[in-house]
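**Q** Before I ask anything, here is the structure I am working with.
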Amino acid sequence: MGTTLRKMKLGAFLPAPGHHVAAWRHPDARADGGLDLGYYTALARTAERGKFDLMFLSDGVGVRTHYRNSDELSRWGRMVHFEPLTLLAALAPSTERLGLTATVSTTYNEPFHVARKFASLDFLSQGRAGWNIVTSCTDAEAKNFNRDTQLDHATRYRRAREFMQVVTGLWDSWEDDAFLYDKASGRYFDPDKLHILGHQGEFFGVKGPLNVARSPQGYPVLVQAGASDDGQDFAAQWGEVIFSASQTLTQAQTFYRGVKEQVARHGRDPEQVKIMPGVFPVVGRSQTEAEEMYGKLQEGIDMIVALGLLSDRLGGMDVSALPLDEPLPEVTATERSKSRQQLVYEQARRDNLTVRQLALAVAGGRGHRVILGTPETIVDQLEDWFILDGADGFNIMPPHLPDGLTRFVDLVIPELQRRGLFRLEYEGRTLRENLGLPRPAHPRAGHGHAPDVQRCTG
């Protein structure tokens, strides 16, 4: 596949203070950046200067790390941060073209709230909102919402599918030109262009309509990262951007081909779904400098934290009692992130790693691909995955912030542009325009009806 017309899509995955588990201990990192709007504003502007399609904020509704006591928890470096939609709304006036994408769970929210918040963010950002759809997968989160344990995997996805039907239905409450604001006639909107949802299902009963007009993008860009069988099917049905985790080109190509085929089976155009594996790049001006930078981060790892992270990636399996210098034993599947668990297990087997070595490896890329090198060698590897159908782009995971993002923008982006792999300027103003995604047409535009409009006073 040629690269003269097809361009990479890039996301900037920006957790404070960076992706490496010891990032917060790095001398140049902002350990307290997660609660500083100015810090995030600077990151967003750097990403926009680099012409990134979007910045991405992950989130969970609880402290999700695998820890045994408060002393162990105190060693982790990413415990507190802003609620992401609040933060992205605050960042919208400070940016102009950068997409603003946040994680929100379908398990611990109501569809009306989510529909309303993302429609509002899309208006506030003039069409740059994106929603990373997750089902949540930890008991720690469940315990914050009146449950002792999480819902089982199948139920979470069944709920998520109905959740999407409701949310998209609410976003279609109003046709694009429904609001007249006609002072002379006294008509605020055209009643034939109001469509009341009236949903009644297994999990939700939602009448509607949404009290936000249809937003600039119609729907925010829908992002998904599920890699289990259920997750891939869900992504193929709903996702427009799919974040993934692969460590080898073969893994990436298998995932890419499989998801695109499933997208087609759902009656969708595979070209309208962008698959973006996560990449953890350590950018040096020489190979030696990159290796030294990575080594410095690795020296900051607290082994207790590394083992806790490995336990988390293995679905809650407690590895702390295992012999650290022996191979990882067989792993039992859990109700948590099955795909990530399998990916880490395969890494241990493929690279013949001991438990200690695996914990240190996961502490960097957290199961994603780690690339160390110069801008040229990093682009070589990204280009291979891109032109050999392993990716439509990448979700860039800077090791520590702000330096990891700045180095990528100042050193790697120019090399991508020089090779014709990445844009020189944004193509449009909205996230959909820059990703090359169509704006969803209203499904009932031009088919007016007399809606059941309830009037209330008080």
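Simple scheme: letters A, B, ... for chains in structure tokens order, numbers from 1 for residues in each chain, numbers from 1 for ligands in the order shown.
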Identify, on the basis of only C-alpha atoms, every residue whose closest approach to region 217-219 of chain A does not exceed 12 Å; exclude the query and any residue fewer than 3 positions from it along the same chain; express the result as number ranges by chain.
**A** A: 99, 114-131, 164, 167-177, 212-214, 222-223, 238-240, 429-434, 437-443
**Q** Record the distance separating CA of Tyr40 (chain A) and CA of Pro281 (chain A), expressed in Å with one decimal.
**A**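 Interatomic distance, CA of Tyr40 (chain A) to CA of Pro281 (chain A): 20.1 Å.
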**Q** I'd like the neighbourhood of region 400-413 of chain A as a PyMOL selection string, where a residue qualifies if any of its atoms comes within 6 Å (using only C-alpha atoms), though same-chain residues fewer than 4 positions away should be ignored.
**A** chain A and resi 17-18+23+29+50+375
**Q** For the residues in that selection, give me N, CA, C and O atoms as an mmCIF file, in the first residue's frame.
**A**
```cif
data_model
loop_
_atom_site.group_PDB
_atom_site.id
_atom_site.type_symbol
_atom_site.label_atom_id
_atom_site.label_comp_id
_atom_site.auth_asym_id
_atom_site.auth_seq_id
_atom_site.Cartn_x
_atom_site.Cartn_y
_atom_site.Cartn_z
ATOM 1 N N PRO A 17 2.471 11.492 35.173
ATOM 2 C CA PRO A 17 3.569 12.253 34.548
ATOM 3 C C PRO A 17 4.218 11.525 33.381
ATOM 4 O O PRO A 17 5.327 11.881 32.972
ATOM 5 N N GLY A 18 3.572 10.512 32.808
ATOM 6 C CA GLY A 18 4.120 9.744 31.699
ATOM 7 C C GLY A 18 3.758 8.279 31.859
ATOM 8 O O GLY A 18 3.125 7.885 32.839
ATOM 9 N N ALA A 23 8.021 7.050 35.955
ATOM 10 C CA ALA A 23 8.118 8.374 35.334
ATOM 11 C C ALA A 23 8.094 9.487 36.365
ATOM 12 O O ALA A 23 8.826 10.479 36.248
ATOM 13 N N ALA A 29 10.437 15.165 35.278
ATOM 14 C CA ALA A 29 8.993 14.941 35.230
ATOM 15 C C ALA A 29 8.277 15.783 36.286
ATOM 16 O O ALA A 29 8.843 16.103 37.333
ATOM 17 N N GLY A 50 2.638 19.599 17.059
ATOM 18 C CA GLY A 50 3.072 18.430 16.300
ATOM 19 C C GLY A 50 2.033 17.901 15.334
ATOM 20 O O GLY A 50 2.272 16.875 14.687
ATOM 21 N N PRO A 375 15.477 9.323 15.782
ATOM 22 C CA PRO A 375 14.258 9.578 15.014
ATOM 23 C C PRO A 375 14.168 8.720 13.763
ATOM 24 O O PRO A 375 13.094 8.213 13.422
#
```
**Q** Quick one: everything within 10 Å of Ala361 (chain A), counting only C-alpha atoms, minus sequence neighbours fewer than 4 positions away in the same chain. Send it as a count of residues only.
**A** 15
**Q** Using DSSP on the backbone, list every residue of region 65-254 of chain A that comes out as alpha helix (DSSP H), and give them as number ranges by chain.
**A** A: 70-73, 84-91, 111-124, 139-142, 153-171, 229-238, 249-254
**Q** Next, dump the selected residues to file, keeping only C-alpha atoms, as an mmCIF file, in the first residue's frame.
**A**
```cif
data_model
loop_
_atom_site.group_PDB
_atom_site.id
_atom_site.type_symbol
_atom_site.label_atom_id
_atom_site.label_comp_id
_atom_site.auth_asym_id
_atom_site.auth_seq_id
_atom_site.Cartn_x
_atom_site.Cartn_y
_atom_site.Cartn_z
ATOM 1 C CA SER A 70 -1.208 1.488 51.785
ATOM 2 C CA ASP A 71 2.594 1.369 51.952
ATOM 3 C CA GLU A 72 2.728 -0.373 48.593
ATOM 4 C CA LEU A 73 0.113 2.009 47.172
ATOM 5 C CA PRO A 84 -11.099 13.769 32.056
ATOM 6 C CA LEU A 85 -14.197 15.422 30.582
ATOM 7 C CA THR A 86 -13.830 18.315 33.004
ATOM 8 C CA LEU A 87 -10.197 18.684 31.988
ATOM 9 C CA LEU A 88 -10.886 18.462 28.254
ATOM 10 C CA ALA A 89 -13.609 21.113 28.518
ATOM 11 C CA ALA A 90 -11.047 23.369 30.207
ATOM 12 C CA LEU A 91 -8.494 22.652 27.454
ATOM 13 C CA PRO A 111 -26.491 6.809 28.904
ATOM 14 C CA PHE A 112 -28.263 10.156 29.236
ATOM 15 C CA HIS A 113 -25.397 11.645 31.269
ATOM 16 C CA VAL A 114 -22.770 10.416 28.831
ATOM 17 C CA ALA A 115 -24.696 11.583 25.756
ATOM 18 C CA ARG A 116 -25.206 15.023 27.260
ATOM 19 C CA LYS A 117 -21.591 15.485 28.390
ATOM 20 C CA PHE A 118 -20.002 14.458 25.091
ATOM 21 C CA ALA A 119 -22.455 16.530 23.044
ATOM 22 C CA SER A 120 -21.569 19.487 25.254
ATOM 23 C CA LEU A 121 -17.823 18.868 24.853
ATOM 24 C CA ASP A 122 -18.285 18.674 21.093
ATOM 25 C CA PHE A 123 -19.928 22.105 21.111
ATOM 26 C CA LEU A 124 -17.350 23.583 23.495
ATOM 27 C CA ASP A 139 -13.556 -4.969 41.514
ATOM 28 C CA ALA A 140 -11.943 -1.800 42.891
ATOM 29 C CA GLU A 141 -14.207 0.230 40.608
ATOM 30 C CA ALA A 142 -17.255 -1.912 41.353
ATOM 31 C CA HIS A 153 -17.491 -10.129 31.041
ATOM 32 C CA ALA A 154 -20.512 -11.114 28.915
ATOM 33 C CA THR A 155 -22.932 -8.953 30.917
ATOM 34 C CA ARG A 156 -20.645 -5.931 30.701
ATOM 35 C CA TYR A 157 -20.602 -6.156 26.924
ATOM 36 C CA ARG A 158 -24.329 -6.810 26.654
ATOM 37 C CA ARG A 159 -24.925 -3.686 28.716
ATOM 38 C CA ALA A 160 -22.402 -1.756 26.590
ATOM 39 C CA ARG A 161 -24.196 -2.629 23.355
ATOM 40 C CA GLU A 162 -27.523 -1.418 24.690
ATOM 41 C CA PHE A 163 -25.770 1.645 26.146
ATOM 42 C CA MET A 164 -24.555 2.572 22.653
ATOM 43 C CA GLN A 165 -28.015 2.180 21.158
ATOM 44 C CA VAL A 166 -29.373 4.595 23.735
ATOM 45 C CA VAL A 167 -26.559 7.147 23.499
ATOM 46 C CA THR A 168 -26.591 7.332 19.715
ATOM 47 C CA GLY A 169 -30.373 7.507 19.777
ATOM 48 C CA LEU A 170 -30.189 10.444 22.162
ATOM 49 C CA TRP A 171 -27.613 12.204 19.947
ATOM 50 C CA ASP A 229 -13.516 -11.696 21.190
ATOM 51 C CA ASP A 230 -16.371 -9.622 22.646
ATOM 52 C CA GLY A 231 -14.223 -6.497 22.580
ATOM 53 C CA GLN A 232 -13.248 -6.921 18.933
ATOM 54 C CA ASP A 233 -16.834 -7.553 17.888
ATOM 55 C CA PHE A 234 -17.972 -4.477 19.822
ATOM 56 C CA ALA A 235 -15.184 -2.401 18.254
ATOM 57 C CA ALA A 236 -16.095 -3.669 14.784
ATOM 58 C CA GLN A 237 -19.715 -2.633 15.316
ATOM 59 C CA TRP A 238 -19.150 0.778 16.894
ATOM 60 C CA LEU A 249 4.436 -6.968 13.391
ATOM 61 C CA THR A 250 2.812 -10.379 13.019
ATOM 62 C CA GLN A 251 0.561 -9.725 16.032
ATOM 63 C CA ALA A 252 -0.319 -6.288 14.661
ATOM 64 C CA GLN A 253 -1.128 -7.629 11.186
ATOM 65 C CA THR A 254 -3.294 -10.416 12.586
#
```
**Q** Here is a test: counting only C-alpha atoms, which residue of A:Ser94, A:Asp384, A:Gly393, A:Gly364 is nearest to Lys274 (chain A)?
**A** A:Gly393
**Q** So how far away is CA of Leu100 (chain A) from CA of Ala47 (chain A), in Å?
**A**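 Those two atoms sit 11.0 Å apart.
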**Q** What gap, in Å, lies between CA of Lys51 (chain A) and CA of Ala92 (chain A)?
**A**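 So the two atoms, CA of Lys51 (chain A) and CA of Ala92 (chain A), lie 15.7 Å apart.
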**Q** Measuring atom to atom with only C-alpha atoms, identify which of A:Asp28, A:Asp269, A:Glu346, A:Asp392 is nearest to Ile242 (chain A).
**A**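 Checking each candidate against Ile242 (chain A), we get A:Asp392 as the closest.
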**Q** Taking the backbone alone, and naming residues the way the document does, which bits of region 231-439 of chain A are strand (DSSP E) by DSSP, as a list in words?
**A**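 Checking each residue of region 231-439 of chain A, the strand (DSSP E) ones are Val241, Ile242, Phe243, Ser244, Lys274, Ile275, Met276, Pro277, Gly278, Val279, Phe280, Pro281, Val282, Val283, Arg369, Val370, Ile371, Leu372, Gly373, Gly393, Phe394, Asn395 and Ile396 of chain A.
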